[in-house]
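The data block below is input.cif; it holds mmCIF, C-alpha atoms.
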```cif
data_target
#
loop_
_atom_site.label_atom_id
_atom_site.label_comp_id
_atom_site.auth_asym_id
_atom_site.auth_seq_id
_atom_site.Cartn_x
_atom_site.Cartn_y
_atom_site.Cartn_z
CA MET A 482 -99.92 11.84 166.46
CA ARG A 483 -97.43 14.65 167.05
CA GLY A 484 -94.90 12.20 168.33
CA PHE A 485 -95.34 10.11 165.22
CA ILE A 486 -94.76 13.04 162.86
CA LYS A 487 -91.74 14.09 164.86
CA ALA A 488 -90.23 10.62 164.60
CA LEU A 489 -90.96 10.54 160.88
CA GLY A 490 -89.19 13.87 160.43
CA GLU A 491 -86.17 12.62 162.32
CA ILE A 492 -86.03 9.49 160.16
CA PHE A 493 -86.16 11.59 156.96
CA ILE A 494 -83.38 13.87 158.16
CA THR A 495 -81.28 10.85 159.09
CA PHE A 496 -81.91 9.30 155.69
CA GLY A 497 -80.84 12.51 153.98
CA LEU A 498 -77.59 12.57 155.93
CA VAL A 499 -76.93 8.93 155.03
CA VAL A 500 -77.47 9.70 151.33
CA LEU A 501 -75.06 12.65 151.54
CA LEU A 502 -72.49 10.41 153.19
CA PHE A 503 -73.01 7.84 150.45
CA VAL A 504 -72.37 10.42 147.74
CA THR A 505 -69.15 11.39 149.52
CA TYR A 506 -68.18 7.75 149.65
CA THR A 507 -68.86 7.15 145.95
CA LEU A 508 -66.85 10.13 144.80
CA TRP A 509 -63.88 9.91 147.12
CA GLY A 510 -64.09 6.77 149.25
CA THR A 511 -64.04 4.38 146.29
CA GLY A 512 -60.63 5.67 145.18
CA ARG A 513 -59.00 4.05 148.20
CA TYR A 514 -60.06 0.63 146.93
CA THR A 515 -58.62 1.32 143.47
CA GLN A 516 -55.36 2.63 144.93
CA ALA A 517 -54.88 -0.51 147.02
CA GLN A 518 -55.66 -2.69 144.01
CA GLN A 519 -53.33 -0.69 141.77
CA THR A 520 -50.47 -1.10 144.24
CA SER A 521 -50.83 -4.88 144.27
CA LEU A 522 -51.31 -5.03 140.47
CA ALA A 523 -48.15 -2.99 139.95
CA GLU A 524 -46.20 -5.27 142.26
CA GLN A 525 -47.41 -8.35 140.40
CA LEU A 526 -46.55 -6.78 137.06
CA ASP A 527 -43.07 -5.79 138.24
CA ALA A 528 -42.44 -9.30 139.53
CA ARG A 529 -43.63 -10.88 136.30
CA TRP A 530 -41.69 -8.52 134.07
CA SER A 531 -38.44 -8.99 135.93
CA GLU A 532 -38.54 -12.79 135.64
CA PRO A 533 -35.95 -13.70 133.02
CA THR A 534 -37.48 -15.26 129.93
CA ALA A 535 -35.86 -18.19 128.18
CA ALA A 536 -36.11 -16.84 124.67
CA ASP A 537 -36.56 -13.44 123.14
CA VAL A 538 -40.09 -14.31 122.22
CA THR A 539 -42.78 -14.45 124.82
CA ARG A 540 -46.00 -16.31 124.44
CA GLU A 541 -47.22 -15.44 127.88
CA LYS A 542 -50.96 -14.98 127.91
CA VAL A 543 -52.47 -12.37 130.14
CA LYS A 544 -55.27 -13.76 132.27
CA LEU A 545 -58.48 -11.81 132.63
CA GLY A 546 -58.27 -9.61 135.69
CA ASP A 547 -54.47 -9.43 135.65
CA GLY A 548 -52.49 -6.30 135.00
CA MET A 549 -51.27 -6.24 131.39
CA ALA A 550 -49.59 -2.88 130.76
CA LEU A 551 -49.00 0.55 132.22
CA ILE A 552 -50.59 3.71 130.94
CA ARG A 553 -49.06 7.13 131.44
CA ILE A 554 -50.21 10.44 130.02
CA PRO A 555 -47.61 13.22 130.36
CA ARG A 556 -50.27 15.97 130.14
CA PHE A 557 -51.73 14.72 133.42
CA GLY A 558 -48.39 15.04 135.22
CA ALA A 559 -45.48 12.81 136.07
CA LYS A 560 -47.41 10.99 138.79
CA TYR A 561 -50.16 9.85 136.45
CA ARG A 562 -49.69 6.11 136.11
CA PHE A 563 -52.19 3.26 136.10
CA VAL A 564 -51.91 -0.46 135.60
CA ILE A 565 -54.27 -1.53 132.81
CA VAL A 566 -56.29 -4.59 133.77
CA GLU A 567 -57.19 -7.24 131.20
CA GLY A 568 -60.99 -7.18 130.88
CA THR A 569 -63.74 -4.62 131.26
CA THR A 570 -66.25 -6.12 133.68
CA PRO A 571 -67.43 -3.72 136.41
CA ALA A 572 -65.16 -5.58 138.85
CA ASP A 573 -62.15 -5.13 136.54
CA LEU A 574 -62.82 -1.42 136.12
CA ARG A 575 -63.02 -0.91 139.87
CA ARG A 576 -59.36 -1.98 139.98
CA GLY A 577 -58.17 0.30 137.18
CA PRO A 578 -58.54 1.05 133.47
CA GLY A 579 -59.47 -2.12 131.55
CA HIS A 580 -58.42 -3.48 128.16
CA TYR A 581 -61.29 -4.79 126.07
CA ALA A 582 -60.45 -8.48 125.75
CA GLY A 583 -60.27 -9.41 122.09
CA THR A 584 -59.12 -6.02 120.82
CA ALA A 585 -55.51 -5.55 119.72
CA MET A 586 -52.66 -5.72 122.22
CA PRO A 587 -50.43 -2.66 122.67
CA GLY A 588 -48.48 -1.87 119.50
CA GLN A 589 -50.32 -4.40 117.35
CA ILE A 590 -51.98 -3.49 114.09
CA GLY A 591 -55.61 -2.83 114.94
CA ASN A 592 -57.23 -1.04 117.83
CA PHE A 593 -55.99 -1.22 121.44
CA VAL A 594 -59.12 -0.25 123.36
CA VAL A 595 -59.08 0.76 127.02
CA SER A 596 -62.00 1.79 129.21
CA GLY A 597 -61.78 3.66 132.49
CA HIS A 598 -63.86 5.46 135.10
CA ARG A 599 -64.43 9.16 134.56
CA THR A 600 -65.46 9.66 138.18
CA THR A 601 -65.27 7.34 141.23
CA TYR A 602 -62.67 4.60 141.78
CA SER A 603 -59.68 6.94 141.42
CA ALA A 604 -61.23 8.26 138.18
CA PRO A 605 -58.33 7.33 135.86
CA PHE A 606 -59.93 8.98 132.83
CA ASN A 607 -61.31 12.00 134.67
CA LYS A 608 -59.46 14.58 132.57
CA VAL A 609 -59.29 12.89 129.18
CA ASP A 610 -61.49 15.66 127.78
CA ARG A 611 -58.47 17.95 128.18
CA LEU A 612 -56.31 15.89 125.83
CA LYS A 613 -55.38 17.73 122.67
CA ASP A 614 -54.39 16.34 119.31
CA GLY A 615 -50.74 15.31 119.38
CA ASP A 616 -50.66 14.61 123.14
CA GLU A 617 -48.72 11.51 124.05
CA ILE A 618 -50.20 8.40 125.61
CA LEU A 619 -47.45 6.07 126.80
CA ILE A 620 -48.16 2.35 127.08
CA ASP A 621 -45.44 0.32 128.74
CA THR A 622 -45.33 -3.41 128.23
CA ARG A 623 -42.71 -5.86 129.31
CA ARG A 624 -40.24 -5.15 126.53
CA THR A 625 -41.51 -2.11 124.72
CA GLN A 626 -42.79 1.35 125.39
CA TYR A 627 -45.38 2.39 122.83
CA VAL A 628 -45.88 6.09 122.30
CA TYR A 629 -49.29 6.92 120.89
CA ARG A 630 -50.44 10.37 119.90
CA VAL A 631 -53.99 11.62 120.26
CA THR A 632 -55.68 12.16 116.89
CA GLY A 633 -59.16 13.17 117.95
CA SER A 634 -62.13 12.64 120.20
CA GLN A 635 -65.83 12.13 119.88
CA ILE A 636 -68.92 11.82 122.07
CA VAL A 637 -71.10 8.87 121.15
CA ALA A 638 -74.03 6.81 122.43
CA PRO A 639 -73.09 3.99 124.84
CA THR A 640 -74.07 1.42 122.21
CA ARG A 641 -71.69 2.55 119.44
CA VAL A 642 -69.55 -0.59 119.57
CA GLU A 643 -68.07 0.42 116.22
CA VAL A 644 -65.55 2.66 117.99
CA THR A 645 -63.87 -0.47 119.33
CA ALA A 646 -63.57 -2.05 115.86
CA PRO A 647 -60.03 -2.62 114.48
CA VAL A 648 -60.79 0.30 112.18
CA PRO A 649 -63.08 2.54 114.28
CA PHE A 650 -66.54 3.04 112.74
CA ARG A 651 -65.67 0.52 109.99
CA PRO A 652 -66.36 -2.89 111.50
CA GLY A 653 -65.11 -5.72 109.34
CA ARG A 654 -62.53 -3.66 107.52
CA LYS A 655 -58.97 -4.90 107.64
CA PRO A 656 -56.80 -2.66 109.82
CA LYS A 657 -53.50 -1.21 108.61
CA LYS A 658 -52.80 1.24 111.41
CA ARG A 659 -51.79 0.74 115.03
CA LEU A 660 -54.44 2.61 116.96
CA ILE A 661 -55.42 3.27 120.56
CA THR A 662 -58.92 4.13 121.75
CA LEU A 663 -59.90 5.27 125.24
CA THR A 664 -63.54 5.09 126.28
CA THR A 665 -65.10 6.67 129.36
CA CYS A 666 -68.34 8.16 130.65
CA HIS A 667 -69.76 11.41 129.46
CA PRO A 668 -70.84 13.76 130.92
CA LYS A 669 -69.11 13.45 134.28
CA TYR A 670 -71.21 11.73 136.97
CA SER A 671 -73.44 10.22 134.32
CA ALA A 672 -73.49 7.27 131.99
CA ALA A 673 -75.72 8.83 129.34
CA GLN A 674 -72.99 9.00 126.69
CA ARG A 675 -69.42 7.95 126.09
CA LEU A 676 -66.38 10.12 125.47
CA ILE A 677 -64.00 8.45 123.05
CA ILE A 678 -60.36 9.45 122.52
CA PHE A 679 -58.61 8.19 119.40
CA GLY A 680 -54.87 7.92 118.91
CA GLU A 681 -52.28 6.37 116.67
CA LEU A 682 -48.88 4.82 117.35
CA ASP A 683 -46.13 7.35 116.82
CA ARG A 684 -43.03 5.40 117.80
CA GLN A 685 -41.89 2.57 120.01
CA LEU A 686 -38.86 2.23 122.23
CA PRO A 687 -37.34 -0.98 123.54
CA ARG A 688 -37.53 -1.34 127.28
CA VAL A 689 -34.87 -2.98 129.35
CA ASN A 690 -36.13 -4.44 132.57
CA ASP A 691 -34.91 -8.00 132.46
CA GLY A 692 -32.58 -9.46 134.99
CA GLY A 693 -34.51 -8.03 137.89
CA GLN A 694 -33.28 -4.53 138.55
CA LYS A 695 -34.66 -4.60 142.07
CA MET B 310 -86.58 8.96 168.24
CA TYR B 311 -83.41 10.84 169.15
CA LEU B 312 -84.98 12.08 172.36
CA TRP B 313 -85.77 8.49 173.30
CA ILE B 314 -82.18 7.41 172.58
CA TRP B 315 -80.85 10.36 174.55
CA ARG B 316 -82.92 9.39 177.58
CA HIS B 317 -81.73 5.82 177.44
CA LEU B 318 -78.01 6.58 177.18
CA PRO B 319 -76.34 4.89 180.13
CA ALA B 320 -74.92 7.98 181.84
CA LYS B 321 -76.01 10.79 184.09
CA SER B 322 -73.96 13.86 183.24
CA PRO B 323 -74.73 15.61 179.92
CA LEU B 324 -71.03 15.58 179.08
CA ALA B 325 -70.76 11.80 179.34
CA LYS B 326 -74.00 11.45 177.38
CA SER B 327 -72.63 13.66 174.61
CA ALA B 328 -69.47 11.57 174.49
CA ILE B 329 -71.45 8.34 174.15
CA ALA B 330 -73.71 9.89 171.53
CA LEU B 331 -70.69 11.02 169.51
CA ALA B 332 -69.10 7.58 169.75
CA LEU B 333 -72.34 5.97 168.59
CA ALA B 334 -72.58 8.35 165.62
CA LEU B 335 -68.96 7.64 164.63
CA ALA B 336 -69.47 3.89 164.93
CA LEU B 337 -72.54 4.09 162.72
CA THR B 338 -70.67 6.19 160.14
CA ALA B 339 -67.79 3.69 160.09
CA LEU B 340 -70.21 0.80 159.66
CA LEU B 341 -71.84 2.53 156.69
CA TRP B 342 -68.53 3.65 155.14
CA TYR B 343 -66.58 0.41 155.42
CA VAL B 344 -69.28 -2.27 155.27
CA VAL B 345 -72.60 -1.08 153.87
CA PHE B 346 -71.47 1.37 151.16
CA PRO B 347 -68.81 -0.88 149.56
CA TRP B 348 -71.53 -3.46 149.15
CA VAL B 349 -74.27 -1.10 147.92
CA GLU B 350 -72.15 0.97 145.51
CA PRO B 351 -71.44 -1.74 142.89
CA GLN B 352 -75.17 -2.54 142.70
CA ILE B 353 -76.15 0.94 141.60
CA GLN B 354 -72.99 2.01 139.80
CA PHE B 355 -73.71 5.10 137.73
CA ASP B 356 -70.32 5.59 136.12
CA GLN B 357 -69.68 2.83 133.63
CA GLY B 358 -67.39 3.79 130.78
CA THR B 359 -67.58 0.76 128.54
CA ILE B 360 -69.15 0.49 125.14
CA ASP B 361 -71.38 -2.49 124.57
CA GLU B 362 -74.64 -3.51 123.01
CA ASP B 363 -76.55 -3.16 126.26
CA GLY B 364 -75.36 0.39 126.68
#
```

Could the structure of this file be written out as structure tokens, please?
Amino acid sequence: MRGFIKALGEIFITFGLVVLLFVTYTLWGTGRYTQAQQTSLAEQLDARWSEPTAADVTREKVKLGDGMALIRIPRFGAKYRFVIVEGTTPADLRRGPGHYAGTAMPGQIGNFVVSGHRTTYSAPFNKVDRLKDGDEILIDTRRTQYVYRVTGSQIVAPTRVEVTAPVPFRPGRKPKKRLITLTTCHPKYSAAQRLIIFGELDRQLPRVNDGGQK
Amino acid sequence: MYLWIWRHLPAKSPLAKSAIALALALALTALLWYVVFPWVEPQIQFDQGTIDEDG
């Protein structure tokens, strides 16, 4: 009997250590996967963007799961840069921030909606709660850099799909503005609510990266 | 359990036994970290930042 209890105790202690290790893995280990994925996504995007296009108009469609734009937020430092993936399935979001398929593309009239992890998997949107009104969000596409400015934030229930509408909170209304919306978890380490950051296009700059500047 | 493992470690000197035990622990950690956890984590993901009807 004593031997049995002793073995049981040892198993419990072992289990506790494994759980602690798992927590460590979730918070920090998962970022390695995202970083590797981001590196390959960025390479693919660079290669695609430096292919010369025949005309000035591009009709290239972005496949689900591909990288579609770059996001940079100067408040988070010069190194802050993520490739936005097309799509928001859990697998997409493990690779980087994801664009809700079907919402506006960068710079279009309507709402460009991007979701990202607040914690785990490199936590791209970890600090979005520190964004202040007027902060810049830079979205780089093949030919244009779009400069959005933060206009506000809100904490909502995870089911408030209206924030992703072309006019947030007014589904069905015809959009006139070029908006950006970032969605992420709130509070940190939980999925009880969503933190939403709203922004509007401030200006756009042409980008030159044709002709392969490699 | 651990006492049983300790007794069955294929070495005589305590130093060699410790070395084997350490290697075993590291191997187990690596197995969890690189194989088991990457598989388990997506099943119980607690940090999902999307907005949808299912919540």

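Using all atoms listed in the file for every distance, the candidate list B:Trp342, B:Leu331, B:Gln352, B:Ser322 yields B:Trp342 as the residue closest to chain A.
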
For this session: Would you work out the distance separating CA of Ile554 (chain A) from CA of Glu532 (chain A), expressed in Å to one decimal?
Result: 26.6 Å

Near chain A, 12 Å: chain B residue rows, closest pairs, only C-alpha atoms, as a tab-separated table:
```
residue	atom	partner	partner_atom	distance
B:Met310	CA	A:Ala488	CA	5.4
B:Tyr311	CA	A:Glu491	CA	7.6
B:Leu312	CA	A:Ala488	CA	9.5
B:Trp313	CA	A:Ala488	CA	10.0
B:Ile314	CA	A:Ala488	CA	11.8
B:Ala334	CA	A:Thr495	CA	11.2
B:Leu337	CA	A:Val499	CA	10.1
B:Thr338	CA	A:Leu502	CA	8.3
B:Ala339	CA	A:Leu502	CA	10.7
B:Leu340	CA	A:Val499	CA	11.5
B:Leu341	CA	A:Phe503	CA	8.3
B:Trp342	CA	A:Tyr506	CA	6.9
B:Tyr343	CA	A:Gly510	CA	9.2
B:Val344	CA	A:Tyr506	CA	11.5
B:Val345	CA	A:Phe503	CA	9.6
B:Phe346	CA	A:Phe503	CA	6.7
B:Pro347	CA	A:Thr511	CA	7.8
B:Trp348	CA	A:Thr511	CA	11.2
B:Val349	CA	A:Phe503	CA	9.4
B:Glu350	CA	A:Thr507	CA	7.0
B:Pro351	CA	A:Pro571	CA	7.9
B:Gln352	CA	A:Pro571	CA	10.0
B:Ile353	CA	A:Thr507	CA	10.5
B:Gln354	CA	A:Pro571	CA	8.7
B:Phe355	CA	A:Ala672	CA	6.1
B:Asp356	CA	A:Ala672	CA	5.5
B:Gln357	CA	A:Ala672	CA	6.1
B:Gly358	CA	A:Thr665	CA	3.9
B:Thr359	CA	A:Ser596	CA	5.7
B:Ile360	CA	A:Pro639	CA	5.3
B:Asp361	CA	A:Thr640	CA	5.3
B:Glu362	CA	A:Thr640	CA	5.0
B:Asp363	CA	A:Thr640	CA	6.6
B:Gly364	CA	A:Pro639	CA	4.6
```

For this session: Could you tell me how far CA of Leu686 (chain A) lies from CA of Val628 (chain A), in Å and to one decimal?
Result: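 Separating CA of Leu686 (chain A) from CA of Val628 (chain A) is a distance of 8.0 Å.
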
Problem set entry | Result set, the PyMOL selection byres ((chain A and resi 619) around 6) on current file, as a list of chain:residue names | A:Ile552, A:Arg553, A:Ile618, A:Ile620, A:Tyr627, A:Val628

Answer key for the PyMOL selection byres ((chain A and resi 612-616) around 12), residues as a tab-separated table (two decimals) with C-alpha atoms, in the coordinates of the input:
```
chain	number	residue	atom	x	y	z
A	553	ARG	CA	-49.06	7.13	131.44
A	554	ILE	CA	-50.21	10.44	130.02
A	555	PRO	CA	-47.61	13.22	130.36
A	556	ARG	CA	-50.27	15.97	130.14
A	557	PHE	CA	-51.73	14.72	133.42
A	606	PHE	CA	-59.93	8.98	132.83
A	607	ASN	CA	-61.31	12.00	134.67
A	608	LYS	CA	-59.46	14.58	132.57
A	609	VAL	CA	-59.29	12.89	129.18
A	610	ASP	CA	-61.49	15.66	127.78
A	611	ARG	CA	-58.47	17.95	128.18
A	617	GLU	CA	-48.72	11.51	124.05
A	618	ILE	CA	-50.20	8.40	125.61
A	619	LEU	CA	-47.45	6.07	126.80
A	628	VAL	CA	-45.88	6.09	122.30
A	629	TYR	CA	-49.29	6.92	120.89
A	630	ARG	CA	-50.44	10.37	119.90
A	631	VAL	CA	-53.99	11.62	120.26
A	632	THR	CA	-55.68	12.16	116.89
A	633	GLY	CA	-59.16	13.17	117.95
A	634	SER	CA	-62.13	12.64	120.20
A	635	GLN	CA	-65.83	12.13	119.88
A	663	LEU	CA	-59.90	5.27	125.24
A	676	LEU	CA	-66.38	10.12	125.47
A	677	ILE	CA	-64.00	8.45	123.05
A	678	ILE	CA	-60.36	9.45	122.52
A	679	PHE	CA	-58.61	8.19	119.40
A	680	GLY	CA	-54.87	7.92	118.91
A	681	GLU	CA	-52.28	6.37	116.67
A	682	LEU	CA	-48.88	4.82	117.35
A	683	ASP	CA	-46.13	7.35	116.82
```

For this session: State, in Å with one decimal place, the distance from CA of Pro319 (chain B) to CA of Leu335 (chain B).
Result: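 Interatomic distance, CA of Pro319 (chain B) to CA of Leu335 (chain B): 17.4 Å.
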
For this session: Report as a list in words the residues that result from applying the PyMOL selection byres ((chain A and resi 565) around 10) to the structure here.
Result: Gln519, Leu522, Ala523, Gly546, Asp547, Gly548, Met549, Ala550, Leu551, Ile552, Arg562, Phe563, Val564, Val566, Glu567, Gly568, Asp573, Leu574, Arg576, Gly577, Pro578, Gly579, His580, Val595, Ser596, Gly597, Ile620 and Asp621 of chain A

Will you model all heavy atoms for region 508-519 of chain A and pass it back as a short mmCIF file (atom, residue, chain, number, x, y, z; two decimals), keeping the file's coordinate frame?
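So the final result, stored in rebuild-v1.cif, reads:
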```
data_model
loop_
_atom_site.label_atom_id
_atom_site.label_comp_id
_atom_site.auth_asym_id
_atom_site.auth_seq_id
_atom_site.Cartn_x
_atom_site.Cartn_y
_atom_site.Cartn_z
N LEU A 508 -67.77 9.27 145.54
CA LEU A 508 -66.85 10.13 144.80
C LEU A 508 -65.42 10.03 145.31
O LEU A 508 -64.48 10.08 144.52
CB LEU A 508 -67.33 11.59 144.86
CG LEU A 508 -68.65 11.82 144.13
CD1 LEU A 508 -69.05 13.28 144.21
CD2 LEU A 508 -68.56 11.39 142.67
N TRP A 509 -65.25 9.88 146.59
CA TRP A 509 -63.88 9.91 147.12
C TRP A 509 -63.47 8.62 147.84
O TRP A 509 -62.32 8.24 147.80
CB TRP A 509 -63.70 11.13 148.04
CG TRP A 509 -63.81 12.39 147.25
CD1 TRP A 509 -62.89 12.88 146.36
CD2 TRP A 509 -64.91 13.29 147.23
NE1 TRP A 509 -63.36 14.05 145.79
CE2 TRP A 509 -64.60 14.32 146.31
CE3 TRP A 509 -66.13 13.35 147.89
CZ2 TRP A 509 -65.46 15.39 146.04
CZ3 TRP A 509 -66.98 14.41 147.62
CH2 TRP A 509 -66.63 15.41 146.72
N GLY A 510 -64.44 7.98 148.49
CA GLY A 510 -64.09 6.77 149.25
C GLY A 510 -63.68 5.62 148.35
O GLY A 510 -62.80 4.83 148.70
N THR A 511 -64.32 5.53 147.16
CA THR A 511 -64.04 4.38 146.29
C THR A 511 -62.61 4.40 145.77
O THR A 511 -62.08 3.36 145.41
CB THR A 511 -65.01 4.39 145.09
OG1 THR A 511 -64.96 5.67 144.47
CG2 THR A 511 -66.42 4.07 145.51
N GLY A 512 -61.99 5.58 145.70
CA GLY A 512 -60.63 5.67 145.18
C GLY A 512 -59.63 4.89 146.03
O GLY A 512 -58.64 4.38 145.52
N ARG A 513 -59.92 4.79 147.32
CA ARG A 513 -59.00 4.05 148.20
C ARG A 513 -58.91 2.59 147.78
O ARG A 513 -57.84 1.99 147.82
CB ARG A 513 -59.49 4.12 149.64
CG ARG A 513 -59.10 5.40 150.35
CD ARG A 513 -59.79 5.44 151.68
NE ARG A 513 -59.61 4.17 152.37
CZ ARG A 513 -58.85 4.02 153.45
NH1 ARG A 513 -58.24 5.05 153.96
NH2 ARG A 513 -58.73 2.85 154.03
N TYR A 514 -60.05 2.02 147.39
CA TYR A 514 -60.06 0.63 146.93
C TYR A 514 -59.18 0.48 145.68
O TYR A 514 -58.32 -0.39 145.60
CB TYR A 514 -61.50 0.20 146.62
CG TYR A 514 -61.59 -1.14 145.94
CD1 TYR A 514 -61.51 -2.31 146.68
CD2 TYR A 514 -61.75 -1.23 144.56
CE1 TYR A 514 -61.58 -3.54 146.05
CE2 TYR A 514 -61.82 -2.46 143.93
CZ TYR A 514 -61.74 -3.61 144.68
OH TYR A 514 -61.79 -4.83 144.07
N THR A 515 -59.39 1.39 144.71
CA THR A 515 -58.62 1.32 143.47
C THR A 515 -57.13 1.48 143.74
O THR A 515 -56.30 0.77 143.18
CB THR A 515 -59.10 2.40 142.49
OG1 THR A 515 -60.51 2.28 142.35
CG2 THR A 515 -58.44 2.26 141.14
N GLN A 516 -56.78 2.41 144.65
CA GLN A 516 -55.36 2.63 144.93
C GLN A 516 -54.72 1.38 145.51
O GLN A 516 -53.62 1.00 145.12
CB GLN A 516 -55.19 3.81 145.88
CG GLN A 516 -55.10 5.13 145.11
CD GLN A 516 -55.55 6.31 145.93
OE1 GLN A 516 -55.47 6.29 147.15
NE2 GLN A 516 -56.04 7.33 145.26
N ALA A 517 -55.43 0.72 146.44
CA ALA A 517 -54.88 -0.51 147.02
C ALA A 517 -54.72 -1.57 145.94
O ALA A 517 -53.69 -2.27 145.87
CB ALA A 517 -55.80 -1.00 148.13
N GLN A 518 -55.73 -1.70 145.08
CA GLN A 518 -55.66 -2.69 144.01
C GLN A 518 -54.53 -2.39 143.04
O GLN A 518 -53.81 -3.28 142.59
CB GLN A 518 -56.99 -2.72 143.24
CG GLN A 518 -58.16 -3.24 144.04
CD GLN A 518 -58.05 -4.73 144.27
OE1 GLN A 518 -57.67 -5.48 143.39
NE2 GLN A 518 -58.39 -5.18 145.46
N GLN A 519 -54.37 -1.09 142.71
CA GLN A 519 -53.33 -0.69 141.77
C GLN A 519 -51.95 -1.01 142.34
O GLN A 519 -51.06 -1.46 141.62
CB GLN A 519 -53.44 0.82 141.49
CG GLN A 519 -54.56 1.16 140.53
CD GLN A 519 -54.17 0.89 139.09
OE1 GLN A 519 -53.10 1.24 138.63
NE2 GLN A 519 -55.06 0.23 138.36
#
```
